[in-house]
>>> print(open('protein.cif').read())   # mmCIF, N, CA and C atoms
data_upload
#
loop_
_atom_site.label_atom_id
_atom_site.label_comp_id
_atom_site.auth_asym_id
_atom_site.auth_seq_id
_atom_site.Cartn_x
_atom_site.Cartn_y
_atom_site.Cartn_z
N MET A 1 1.64 -30.61 -15.85
CA MET A 1 1.52 -29.42 -16.71
C MET A 1 2.89 -29.08 -17.26
N LYS A 2 2.91 -28.86 -18.54
CA LYS A 2 4.12 -28.41 -19.22
C LYS A 2 4.54 -27.05 -18.67
N LYS A 3 5.82 -26.84 -18.54
CA LYS A 3 6.31 -25.55 -18.07
C LYS A 3 6.14 -24.53 -19.18
N LEU A 4 5.76 -23.33 -18.81
CA LEU A 4 5.38 -22.30 -19.76
C LEU A 4 6.41 -21.18 -19.81
N THR A 5 6.43 -20.47 -20.92
CA THR A 5 7.20 -19.23 -21.02
C THR A 5 6.20 -18.09 -20.99
N VAL A 6 6.46 -17.15 -20.07
CA VAL A 6 5.57 -16.02 -19.87
C VAL A 6 6.36 -14.75 -20.15
N HIS A 7 5.81 -13.86 -20.95
CA HIS A 7 6.48 -12.61 -21.29
C HIS A 7 5.92 -11.47 -20.44
N LEU A 8 6.82 -10.76 -19.76
CA LEU A 8 6.44 -9.55 -19.04
C LEU A 8 6.49 -8.42 -20.05
N ARG A 9 5.34 -7.87 -20.34
CA ARG A 9 5.23 -6.81 -21.34
C ARG A 9 5.56 -5.46 -20.70
N PRO A 10 6.15 -4.55 -21.46
CA PRO A 10 6.50 -3.23 -20.90
C PRO A 10 5.28 -2.36 -20.66
N GLY A 11 5.41 -1.46 -19.74
CA GLY A 11 4.38 -0.45 -19.50
C GLY A 11 3.30 -0.86 -18.52
N ALA A 12 2.60 0.14 -18.07
CA ALA A 12 1.50 -0.05 -17.11
C ALA A 12 0.18 -0.19 -17.86
N TYR A 13 -0.74 -0.93 -17.25
CA TYR A 13 -2.07 -1.15 -17.81
C TYR A 13 -3.13 -0.68 -16.83
N SER A 14 -4.30 -0.37 -17.36
CA SER A 14 -5.45 0.01 -16.56
C SER A 14 -6.62 -0.91 -16.89
N VAL A 15 -7.46 -1.11 -15.88
CA VAL A 15 -8.70 -1.87 -16.04
C VAL A 15 -9.83 -0.90 -15.71
N LEU A 16 -10.77 -0.75 -16.63
CA LEU A 16 -11.84 0.23 -16.46
C LEU A 16 -13.20 -0.43 -16.59
N ARG A 17 -14.16 0.17 -15.90
CA ARG A 17 -15.56 -0.24 -16.03
C ARG A 17 -16.35 0.96 -16.52
N LEU A 18 -16.99 0.78 -17.66
CA LEU A 18 -17.85 1.81 -18.23
C LEU A 18 -19.29 1.32 -18.18
N PRO A 19 -20.26 2.21 -18.32
CA PRO A 19 -21.65 1.78 -18.34
C PRO A 19 -21.91 0.79 -19.49
N ALA A 20 -22.85 -0.10 -19.30
CA ALA A 20 -23.16 -1.12 -20.31
C ALA A 20 -23.55 -0.51 -21.64
N ASP A 21 -24.14 0.68 -21.62
CA ASP A 21 -24.56 1.30 -22.88
C ASP A 21 -23.52 2.24 -23.48
N ALA A 22 -22.32 2.28 -22.89
CA ALA A 22 -21.24 3.13 -23.43
C ALA A 22 -20.80 2.60 -24.79
N HIS A 23 -20.37 3.52 -25.65
CA HIS A 23 -19.82 3.12 -26.94
C HIS A 23 -18.40 2.59 -26.73
N PRO A 24 -18.06 1.47 -27.35
CA PRO A 24 -16.68 0.98 -27.22
C PRO A 24 -15.70 2.04 -27.71
N PRO A 25 -14.65 2.29 -26.94
CA PRO A 25 -13.66 3.32 -27.34
C PRO A 25 -12.77 2.81 -28.46
N VAL A 26 -13.24 2.89 -29.70
CA VAL A 26 -12.54 2.29 -30.84
C VAL A 26 -11.17 2.92 -31.09
N ASP A 27 -10.95 4.15 -30.64
CA ASP A 27 -9.63 4.76 -30.84
C ASP A 27 -8.55 4.02 -30.07
N LEU A 28 -8.91 3.22 -29.09
CA LEU A 28 -7.93 2.43 -28.35
C LEU A 28 -7.22 1.40 -29.23
N PHE A 29 -7.88 0.98 -30.28
CA PHE A 29 -7.31 -0.09 -31.09
C PHE A 29 -6.08 0.34 -31.89
N SER A 30 -5.74 1.61 -31.84
CA SER A 30 -4.50 2.06 -32.46
C SER A 30 -3.35 2.10 -31.44
N ALA A 31 -3.64 1.81 -30.18
CA ALA A 31 -2.61 1.81 -29.13
C ALA A 31 -1.73 0.57 -29.26
N ASP A 32 -0.45 0.72 -28.95
CA ASP A 32 0.45 -0.43 -28.89
C ASP A 32 0.13 -1.22 -27.62
N GLY A 33 0.22 -2.53 -27.71
CA GLY A 33 -0.03 -3.36 -26.54
C GLY A 33 -1.40 -3.99 -26.57
N LEU A 34 -1.73 -4.68 -25.51
CA LEU A 34 -3.00 -5.38 -25.40
C LEU A 34 -4.13 -4.39 -25.16
N VAL A 35 -5.20 -4.56 -25.89
CA VAL A 35 -6.44 -3.82 -25.67
C VAL A 35 -7.56 -4.85 -25.69
N CYS A 36 -8.36 -4.86 -24.66
CA CYS A 36 -9.48 -5.79 -24.57
C CYS A 36 -10.72 -5.01 -24.17
N VAL A 37 -11.77 -5.15 -24.96
CA VAL A 37 -13.05 -4.51 -24.67
C VAL A 37 -14.08 -5.63 -24.59
N THR A 38 -14.76 -5.72 -23.46
CA THR A 38 -15.73 -6.78 -23.23
C THR A 38 -17.03 -6.18 -22.72
N ARG A 39 -18.12 -6.56 -23.35
CA ARG A 39 -19.43 -6.05 -22.91
C ARG A 39 -20.28 -7.20 -22.37
N THR A 40 -20.94 -6.94 -21.26
CA THR A 40 -21.99 -7.81 -20.75
C THR A 40 -23.25 -6.95 -20.64
N GLY A 41 -24.31 -7.52 -20.14
CA GLY A 41 -25.52 -6.75 -19.94
C GLY A 41 -25.37 -5.70 -18.86
N ASP A 42 -24.35 -5.83 -18.02
CA ASP A 42 -24.16 -4.93 -16.88
C ASP A 42 -23.03 -3.92 -17.03
N GLU A 43 -22.11 -4.16 -17.95
CA GLU A 43 -20.94 -3.29 -18.01
C GLU A 43 -20.21 -3.42 -19.34
N LEU A 44 -19.34 -2.45 -19.58
CA LEU A 44 -18.36 -2.49 -20.65
C LEU A 44 -17.01 -2.41 -19.95
N SER A 45 -16.24 -3.48 -20.01
CA SER A 45 -14.93 -3.50 -19.37
C SER A 45 -13.86 -3.25 -20.42
N VAL A 46 -12.83 -2.51 -20.01
CA VAL A 46 -11.72 -2.18 -20.90
C VAL A 46 -10.41 -2.47 -20.17
N VAL A 47 -9.51 -3.15 -20.84
CA VAL A 47 -8.13 -3.32 -20.39
C VAL A 47 -7.27 -2.71 -21.47
N CYS A 48 -6.37 -1.79 -21.08
CA CYS A 48 -5.56 -1.11 -22.09
C CYS A 48 -4.32 -0.49 -21.45
N PRO A 49 -3.34 -0.12 -22.27
CA PRO A 49 -2.21 0.63 -21.73
C PRO A 49 -2.72 1.89 -21.03
N SER A 50 -2.19 2.17 -19.85
CA SER A 50 -2.70 3.27 -19.02
C SER A 50 -2.68 4.61 -19.73
N GLY A 51 -1.69 4.86 -20.54
CA GLY A 51 -1.59 6.13 -21.23
C GLY A 51 -2.68 6.36 -22.26
N HIS A 52 -3.43 5.32 -22.60
CA HIS A 52 -4.49 5.43 -23.60
C HIS A 52 -5.88 5.23 -23.00
N ALA A 53 -5.96 5.08 -21.69
CA ALA A 53 -7.23 4.76 -21.04
C ALA A 53 -8.22 5.92 -21.16
N PRO A 54 -9.44 5.63 -21.57
CA PRO A 54 -10.46 6.69 -21.64
C PRO A 54 -10.90 7.09 -20.24
N PRO A 55 -11.53 8.24 -20.12
CA PRO A 55 -12.01 8.67 -18.80
C PRO A 55 -13.05 7.67 -18.27
N SER A 56 -12.98 7.41 -16.98
CA SER A 56 -13.93 6.49 -16.35
C SER A 56 -13.97 6.77 -14.86
N LEU A 57 -15.14 6.68 -14.29
CA LEU A 57 -15.26 6.84 -12.85
C LEU A 57 -14.72 5.62 -12.11
N ARG A 58 -14.76 4.47 -12.76
CA ARG A 58 -14.24 3.24 -12.14
C ARG A 58 -13.04 2.78 -12.95
N ARG A 59 -11.88 3.03 -12.39
CA ARG A 59 -10.62 2.76 -13.09
C ARG A 59 -9.62 2.25 -12.07
N ASP A 60 -8.94 1.17 -12.40
CA ASP A 60 -7.91 0.62 -11.53
C ASP A 60 -6.61 0.61 -12.33
N ASN A 61 -5.61 1.33 -11.84
CA ASN A 61 -4.34 1.51 -12.55
C ASN A 61 -3.23 0.65 -11.96
N ASP A 62 -2.08 0.75 -12.60
CA ASP A 62 -0.83 0.17 -12.11
C ASP A 62 -0.79 -1.35 -12.20
N TRP A 63 -1.35 -1.90 -13.28
CA TRP A 63 -1.26 -3.32 -13.55
C TRP A 63 -0.11 -3.58 -14.51
N ARG A 64 0.50 -4.74 -14.41
CA ARG A 64 1.53 -5.19 -15.36
C ARG A 64 1.02 -6.43 -16.07
N LEU A 65 1.38 -6.55 -17.34
CA LEU A 65 0.86 -7.61 -18.20
C LEU A 65 1.87 -8.74 -18.37
N LEU A 66 1.41 -9.94 -18.11
CA LEU A 66 2.17 -11.17 -18.34
C LEU A 66 1.42 -11.97 -19.40
N SER A 67 2.08 -12.29 -20.50
CA SER A 67 1.44 -13.01 -21.61
C SER A 67 2.14 -14.34 -21.83
N VAL A 68 1.37 -15.41 -21.91
CA VAL A 68 1.93 -16.73 -22.17
C VAL A 68 2.37 -16.80 -23.62
N ALA A 69 3.58 -17.32 -23.85
CA ALA A 69 4.07 -17.48 -25.23
C ALA A 69 3.11 -18.40 -25.97
N GLY A 70 2.69 -17.99 -27.12
CA GLY A 70 1.71 -18.76 -27.90
C GLY A 70 2.15 -18.84 -29.34
N PRO A 71 1.30 -19.29 -30.19
CA PRO A 71 -0.10 -19.60 -29.93
C PRO A 71 -0.28 -20.92 -29.17
N LEU A 72 -1.38 -20.98 -28.43
CA LEU A 72 -1.75 -22.17 -27.67
C LEU A 72 -2.91 -22.87 -28.37
N GLU A 73 -2.86 -24.18 -28.39
CA GLU A 73 -3.96 -24.96 -28.98
C GLU A 73 -5.16 -24.91 -28.04
N PHE A 74 -6.35 -24.87 -28.60
CA PHE A 74 -7.57 -24.87 -27.80
C PHE A 74 -7.71 -26.15 -26.98
N SER A 75 -7.05 -27.22 -27.39
CA SER A 75 -7.17 -28.49 -26.68
C SER A 75 -6.34 -28.54 -25.40
N LEU A 76 -5.44 -27.57 -25.22
CA LEU A 76 -4.62 -27.55 -24.00
C LEU A 76 -5.49 -27.22 -22.80
N THR A 77 -5.17 -27.85 -21.69
CA THR A 77 -5.92 -27.59 -20.45
C THR A 77 -4.96 -27.21 -19.34
N GLY A 78 -5.46 -26.44 -18.39
CA GLY A 78 -4.71 -26.16 -17.18
C GLY A 78 -3.73 -25.00 -17.25
N ILE A 79 -3.73 -24.25 -18.34
CA ILE A 79 -2.78 -23.14 -18.48
C ILE A 79 -3.03 -22.09 -17.39
N ILE A 80 -4.23 -21.56 -17.35
CA ILE A 80 -4.56 -20.55 -16.34
C ILE A 80 -4.46 -21.15 -14.94
N ALA A 81 -4.87 -22.40 -14.77
CA ALA A 81 -4.81 -23.05 -13.46
C ALA A 81 -3.37 -23.13 -12.96
N ALA A 82 -2.45 -23.49 -13.84
CA ALA A 82 -1.04 -23.61 -13.43
C ALA A 82 -0.48 -22.26 -13.01
N LEU A 83 -0.76 -21.23 -13.78
CA LEU A 83 -0.23 -19.91 -13.47
C LEU A 83 -0.93 -19.28 -12.27
N SER A 84 -2.26 -19.35 -12.26
CA SER A 84 -2.99 -18.74 -11.15
C SER A 84 -2.74 -19.49 -9.85
N GLY A 85 -2.54 -20.80 -9.93
CA GLY A 85 -2.23 -21.57 -8.72
C GLY A 85 -0.91 -21.13 -8.10
N ALA A 86 0.10 -20.92 -8.94
CA ALA A 86 1.40 -20.46 -8.43
C ALA A 86 1.27 -19.07 -7.81
N LEU A 87 0.50 -18.20 -8.46
CA LEU A 87 0.31 -16.85 -7.93
C LEU A 87 -0.54 -16.86 -6.66
N ALA A 88 -1.56 -17.68 -6.62
CA ALA A 88 -2.40 -17.78 -5.42
C ALA A 88 -1.58 -18.27 -4.23
N ALA A 89 -0.71 -19.25 -4.46
CA ALA A 89 0.12 -19.77 -3.38
C ALA A 89 1.04 -18.68 -2.82
N ALA A 90 1.41 -17.72 -3.66
CA ALA A 90 2.27 -16.61 -3.23
C ALA A 90 1.44 -15.41 -2.75
N GLY A 91 0.12 -15.54 -2.75
CA GLY A 91 -0.74 -14.44 -2.30
C GLY A 91 -0.83 -13.28 -3.26
N VAL A 92 -0.68 -13.56 -4.56
CA VAL A 92 -0.70 -12.50 -5.57
C VAL A 92 -2.05 -12.51 -6.30
N PRO A 93 -2.86 -11.44 -6.14
CA PRO A 93 -4.11 -11.35 -6.90
C PRO A 93 -3.82 -11.14 -8.38
N LEU A 94 -4.77 -11.54 -9.22
CA LEU A 94 -4.57 -11.38 -10.66
C LEU A 94 -5.87 -11.06 -11.35
N PHE A 95 -5.74 -10.57 -12.56
CA PHE A 95 -6.86 -10.35 -13.48
C PHE A 95 -6.46 -11.12 -14.73
N SER A 96 -7.28 -12.06 -15.17
CA SER A 96 -6.90 -12.87 -16.33
C SER A 96 -7.85 -12.65 -17.49
N LEU A 97 -7.33 -12.87 -18.69
CA LEU A 97 -8.13 -12.85 -19.90
C LEU A 97 -7.43 -13.68 -20.95
N SER A 98 -8.21 -14.09 -21.91
CA SER A 98 -7.67 -14.92 -22.98
C SER A 98 -8.00 -14.31 -24.33
N THR A 99 -7.12 -14.57 -25.29
CA THR A 99 -7.34 -14.18 -26.67
C THR A 99 -7.34 -15.46 -27.51
N TYR A 100 -7.51 -15.34 -28.78
CA TYR A 100 -7.52 -16.52 -29.65
C TYR A 100 -6.22 -17.31 -29.53
N ASP A 101 -5.09 -16.60 -29.48
CA ASP A 101 -3.79 -17.26 -29.50
C ASP A 101 -3.22 -17.64 -28.14
N THR A 102 -3.60 -16.93 -27.07
CA THR A 102 -2.91 -17.18 -25.81
C THR A 102 -3.70 -16.66 -24.61
N ASP A 103 -3.09 -16.78 -23.45
CA ASP A 103 -3.68 -16.32 -22.19
C ASP A 103 -2.82 -15.20 -21.62
N HIS A 104 -3.47 -14.31 -20.89
CA HIS A 104 -2.80 -13.14 -20.32
C HIS A 104 -3.19 -12.99 -18.85
N LEU A 105 -2.25 -12.57 -18.04
CA LEU A 105 -2.50 -12.27 -16.64
C LEU A 105 -2.04 -10.85 -16.36
N LEU A 106 -2.80 -10.14 -15.59
CA LEU A 106 -2.36 -8.83 -15.11
C LEU A 106 -2.19 -8.94 -13.60
N VAL A 107 -1.07 -8.41 -13.11
CA VAL A 107 -0.81 -8.35 -11.67
C VAL A 107 -0.45 -6.91 -11.34
N LYS A 108 -0.74 -6.51 -10.13
CA LYS A 108 -0.40 -5.16 -9.72
C LYS A 108 1.13 -5.01 -9.71
N ASN A 109 1.59 -3.82 -10.09
CA ASN A 109 3.03 -3.57 -10.12
C ASN A 109 3.67 -3.83 -8.75
N THR A 110 2.94 -3.52 -7.68
CA THR A 110 3.49 -3.75 -6.33
C THR A 110 3.69 -5.24 -6.04
N ASP A 111 3.00 -6.12 -6.78
CA ASP A 111 3.12 -7.57 -6.60
C ASP A 111 4.00 -8.23 -7.65
N LEU A 112 4.54 -7.43 -8.58
CA LEU A 112 5.24 -8.00 -9.73
C LEU A 112 6.43 -8.87 -9.33
N GLN A 113 7.24 -8.42 -8.41
CA GLN A 113 8.42 -9.20 -8.01
C GLN A 113 8.00 -10.54 -7.40
N ARG A 114 7.00 -10.52 -6.52
CA ARG A 114 6.52 -11.78 -5.94
C ARG A 114 5.90 -12.67 -7.01
N ALA A 115 5.21 -12.08 -7.97
CA ALA A 115 4.58 -12.85 -9.04
C ALA A 115 5.63 -13.56 -9.90
N THR A 116 6.63 -12.83 -10.34
CA THR A 116 7.66 -13.46 -11.19
C THR A 116 8.45 -14.50 -10.41
N ALA A 117 8.72 -14.24 -9.14
CA ALA A 117 9.42 -15.23 -8.32
C ALA A 117 8.58 -16.50 -8.18
N ALA A 118 7.27 -16.35 -7.96
CA ALA A 118 6.39 -17.51 -7.82
C ALA A 118 6.32 -18.31 -9.11
N LEU A 119 6.26 -17.63 -10.25
CA LEU A 119 6.23 -18.34 -11.53
C LEU A 119 7.54 -19.08 -11.78
N HIS A 120 8.67 -18.43 -11.46
CA HIS A 120 9.97 -19.11 -11.58
C HIS A 120 10.01 -20.34 -10.67
N GLU A 121 9.57 -20.18 -9.44
CA GLU A 121 9.60 -21.28 -8.48
C GLU A 121 8.74 -22.45 -8.95
N ALA A 122 7.67 -22.16 -9.67
CA ALA A 122 6.80 -23.21 -10.22
C ALA A 122 7.38 -23.82 -11.49
N GLY A 123 8.54 -23.33 -11.94
CA GLY A 123 9.20 -23.90 -13.10
C GLY A 123 8.94 -23.21 -14.42
N HIS A 124 8.24 -22.10 -14.39
CA HIS A 124 7.94 -21.36 -15.62
C HIS A 124 9.03 -20.32 -15.88
N ALA A 125 9.27 -20.04 -17.13
CA ALA A 125 10.25 -19.01 -17.51
C ALA A 125 9.51 -17.68 -17.66
N VAL A 126 10.10 -16.62 -17.11
CA VAL A 126 9.54 -15.28 -17.27
C VAL A 126 10.57 -14.44 -18.02
N VAL A 127 10.18 -13.94 -19.18
CA VAL A 127 11.05 -13.15 -20.03
C VAL A 127 10.60 -11.69 -19.97
N ASP A 128 11.50 -10.81 -19.56
CA ASP A 128 11.18 -9.38 -19.50
C ASP A 128 11.38 -8.79 -20.89
N ASP A 129 10.28 -8.51 -21.58
CA ASP A 129 10.37 -8.00 -22.95
C ASP A 129 11.03 -6.63 -23.02
N GLN A 130 10.96 -5.85 -21.97
CA GLN A 130 11.61 -4.54 -21.96
C GLN A 130 13.12 -4.72 -21.91
N ALA A 131 13.60 -5.70 -21.15
CA ALA A 131 15.03 -5.94 -21.02
C ALA A 131 15.61 -6.59 -22.27
N THR A 132 14.78 -7.39 -22.98
CA THR A 132 15.27 -8.10 -24.16
C THR A 132 14.96 -7.39 -25.46
N GLY A 133 14.06 -6.41 -25.41
CA GLY A 133 13.60 -5.80 -26.65
C GLY A 133 14.21 -4.49 -26.85
#
>>> encode(input="protein.cif", output="structure tokens")
Amino acid sequence: MKKLTVHLRPGAYSVLRLPADAHPPVDLFSADGLVCVTRTGDELSVVCPSGHAPPSLRRDNDWRLLSVAGPLEFSLTGIIAALSGALAAAGVPLFSLSTYDTDHLLVKNTDLQRATAALHEAGHAVVDDQATG
């Protein structure tokens, strides 16, 4: 697997579960940062910057966002496996999602130091966008 560059994005993120019949919170799309709204027959899931999270009875806060430098070709394989394998070996839970251009991982802020160390140890570069931006 090619070594990857992963960007640590600034700010905290939240993961929410809304009822399947809830209206997608379209006002979130004006927020800076990653916003992901996914509907299944059982739920409407939202990932967004914590400061913009809509009210929800099921909400998990204090996630940090790691984004693979992209765009990535659809023909590439093993991106999530390489990153999640390094994090699993370090005992770091994750929440992953993909967009058209790239892959994203969320890790709890309490695990962030172990996560970045594990990615470095696996040979990946981690760039702190807050420190460089």
>>> atom_distance(input="protein.cif", atom1="atom CA of Arg64 of chain A", atom2="atom CA of Pro10 of chain A")
7.7 Å
>>> closest_residue(input="protein.cif", among="A:Arg39, A:Ser75, A:Asn109, A:Ala69", to="Ala12 of chain A", atoms="only N, CA and C atoms")
A:Asn109
>>> residues_around(input="protein.cif", residues="Leu66 of chain A", least_positions_apart="3", cutoff="6 Å", atoms="only C-alpha atoms", output="list in words")
His7, Leu8, His104 and Leu105 of chain A
>>> closest_residue(input="protein.cif", among="A:Gly33, A:Pro93, A:Pro55, A:Pro49", to="Leu18 of chain A", atoms="all atoms listed in the file")
A:Pro55
>>> atom_distance(input="protein.cif", atom1="atom C of Val6 of chain A", atom2="atom CA of Asp32 of chain A")
17.8 Å
>>> select_by_dssp(input="protein.cif", residues="segment 52-113 of chain A", states="strand (DSSP E)", output="PyMOL selection string")
chain A and resi 58-68+95-98+103-108
>>> residues_near_point(input="protein.cif", point="(-2.1, -21.1, -27.1)", cutoff="12 Å", atoms="only C-alpha atoms", output="NGL selection string")
:A and (4-6 or 67-80 or 98-104)
>>> write_last_selection(input="protein.cif", atoms="N, CA and C atoms", output="mmCIF file, in the frame of the given file")
data_model
loop_
_atom_site.group_PDB
_atom_site.id
_atom_site.type_symbol
_atom_site.label_atom_id
_atom_site.label_comp_id
_atom_site.auth_asym_id
_atom_site.auth_seq_id
_atom_site.Cartn_x
_atom_site.Cartn_y
_atom_site.Cartn_z
ATOM 1 N N LEU A 4 5.760 -23.330 -18.810
ATOM 2 C CA LEU A 4 5.380 -22.300 -19.760
ATOM 3 C C LEU A 4 6.410 -21.180 -19.810
ATOM 4 N N THR A 5 6.430 -20.470 -20.920
ATOM 5 C CA THR A 5 7.200 -19.230 -21.020
ATOM 6 C C THR A 5 6.200 -18.090 -20.990
ATOM 7 N N VAL A 6 6.460 -17.150 -20.070
ATOM 8 C CA VAL A 6 5.570 -16.020 -19.870
ATOM 9 C C VAL A 6 6.360 -14.750 -20.150
ATOM 10 N N SER A 67 2.080 -12.290 -20.500
ATOM 11 C CA SER A 67 1.440 -13.010 -21.610
ATOM 12 C C SER A 67 2.140 -14.340 -21.830
ATOM 13 N N VAL A 68 1.370 -15.410 -21.910
ATOM 14 C CA VAL A 68 1.930 -16.730 -22.170
ATOM 15 C C VAL A 68 2.370 -16.800 -23.620
ATOM 16 N N ALA A 69 3.580 -17.320 -23.850
ATOM 17 C CA ALA A 69 4.070 -17.480 -25.230
ATOM 18 C C ALA A 69 3.110 -18.400 -25.970
ATOM 19 N N GLY A 70 2.690 -17.990 -27.120
ATOM 20 C CA GLY A 70 1.710 -18.760 -27.900
ATOM 21 C C GLY A 70 2.150 -18.840 -29.340
ATOM 22 N N PRO A 71 1.300 -19.290 -30.190
ATOM 23 C CA PRO A 71 -0.100 -19.600 -29.930
ATOM 24 C C PRO A 71 -0.280 -20.920 -29.170
ATOM 25 N N LEU A 72 -1.380 -20.980 -28.430
ATOM 26 C CA LEU A 72 -1.750 -22.170 -27.670
ATOM 27 C C LEU A 72 -2.910 -22.870 -28.370
ATOM 28 N N GLU A 73 -2.860 -24.180 -28.390
ATOM 29 C CA GLU A 73 -3.960 -24.960 -28.980
ATOM 30 C C GLU A 73 -5.160 -24.910 -28.040
ATOM 31 N N PHE A 74 -6.350 -24.870 -28.600
ATOM 32 C CA PHE A 74 -7.570 -24.870 -27.800
ATOM 33 C C PHE A 74 -7.710 -26.150 -26.980
ATOM 34 N N SER A 75 -7.050 -27.220 -27.390
ATOM 35 C CA SER A 75 -7.170 -28.490 -26.680
ATOM 36 C C SER A 75 -6.340 -28.540 -25.400
ATOM 37 N N LEU A 76 -5.440 -27.570 -25.220
ATOM 38 C CA LEU A 76 -4.620 -27.550 -24.000
ATOM 39 C C LEU A 76 -5.490 -27.220 -22.800
ATOM 40 N N THR A 77 -5.170 -27.850 -21.690
ATOM 41 C CA THR A 77 -5.920 -27.590 -20.450
ATOM 42 C C THR A 77 -4.960 -27.210 -19.340
ATOM 43 N N GLY A 78 -5.460 -26.440 -18.390
ATOM 44 C CA GLY A 78 -4.710 -26.160 -17.180
ATOM 45 C C GLY A 78 -3.730 -25.000 -17.250
ATOM 46 N N ILE A 79 -3.730 -24.250 -18.340
ATOM 47 C CA ILE A 79 -2.780 -23.140 -18.480
ATOM 48 C C ILE A 79 -3.030 -22.090 -17.390
ATOM 49 N N ILE A 80 -4.230 -21.560 -17.350
ATOM 50 C CA ILE A 80 -4.560 -20.550 -16.340
ATOM 51 C C ILE A 80 -4.460 -21.150 -14.940
ATOM 52 N N SER A 98 -8.210 -14.090 -21.910
ATOM 53 C CA SER A 98 -7.670 -14.920 -22.980
ATOM 54 C C SER A 98 -8.000 -14.310 -24.330
ATOM 55 N N THR A 99 -7.120 -14.570 -25.290
ATOM 56 C CA THR A 99 -7.340 -14.180 -26.670
ATOM 57 C C THR A 99 -7.340 -15.460 -27.510
ATOM 58 N N TYR A 100 -7.510 -15.340 -28.780
ATOM 59 C CA TYR A 100 -7.520 -16.520 -29.650
ATOM 60 C C TYR A 100 -6.220 -17.310 -29.530
ATOM 61 N N ASP A 101 -5.090 -16.600 -29.480
ATOM 62 C CA ASP A 101 -3.790 -17.260 -29.500
ATOM 63 C C ASP A 101 -3.220 -17.640 -28.140
ATOM 64 N N THR A 102 -3.600 -16.930 -27.070
ATOM 65 C CA THR A 102 -2.910 -17.180 -25.810
ATOM 66 C C THR A 102 -3.700 -16.660 -24.610
ATOM 67 N N ASP A 103 -3.090 -16.780 -23.450
ATOM 68 C CA ASP A 103 -3.680 -16.320 -22.190
ATOM 69 C C ASP A 103 -2.820 -15.200 -21.620
ATOM 70 N N HIS A 104 -3.470 -14.310 -20.890
ATOM 71 C CA HIS A 104 -2.800 -13.140 -20.320
ATOM 72 C C HIS A 104 -3.190 -12.990 -18.850
#
>>> closest_residue(input="protein.cif", among="A:Ala88, A:Glu121, A:Cys48, A:Leu106", to="Leu28 of chain A", atoms="only C-alpha atoms")
A:Cys48
>>> residues_near_point(input="protein.cif", point="(-21.5, -4.4, -23.0)", cutoff="10 Å", atoms="only C-alpha atoms", output="JSON, numbers by chain")
{"A": [18, 19, 20, 21, 22, 23, 24, 37, 38, 39, 40, 41, 42, 43, 44, 45]}
>>> atom_distance(input="protein.cif", atom1="atom CA of Gln113 of chain A", atom2="atom N of Gln130 of chain A")
14.6 Å
>>> select_by_dssp(input="protein.cif", residues="segment 78-133 of chain A", states="helix (DSSP H, G or I)", output="MDAnalysis selection string")
chainID A and resid 79:89 109:121 129:132
>>> closest_residue(input="protein.cif", among="A:Val26, A:Gly51, A:Ala82, A:Asn61", to="Ala122 of chain A", atoms="only N, CA and C atoms")
A:Ala82
>>> resolve_selection(input="protein.cif", expression="the PyMOL selection byres ((chain A and resi 56) around 8)", output="ChimeraX atom specification")
/A:16-19,53-55,57-60
>>> closest_residue(input="protein.cif", among="A:Leu65, A:Asp27, A:Leu112, A:Val46", to="Arg9 of chain A", atoms="only N, CA and C atoms")
A:Leu65
>>> residues_around(input="protein.cif", residues="Thr110 of chain A", least_positions_apart="2", cutoff="10 Å", atoms="only C-alpha atoms", output="ChimeraX atom specification")
/A:62-64,92,107-108,112-115
>>> closest_residue(input="protein.cif", among="A:Val127, A:Gly91, A:Asp111, A:Val47", to="Val35 of chain A", atoms="all atoms listed in the file")
A:Val47
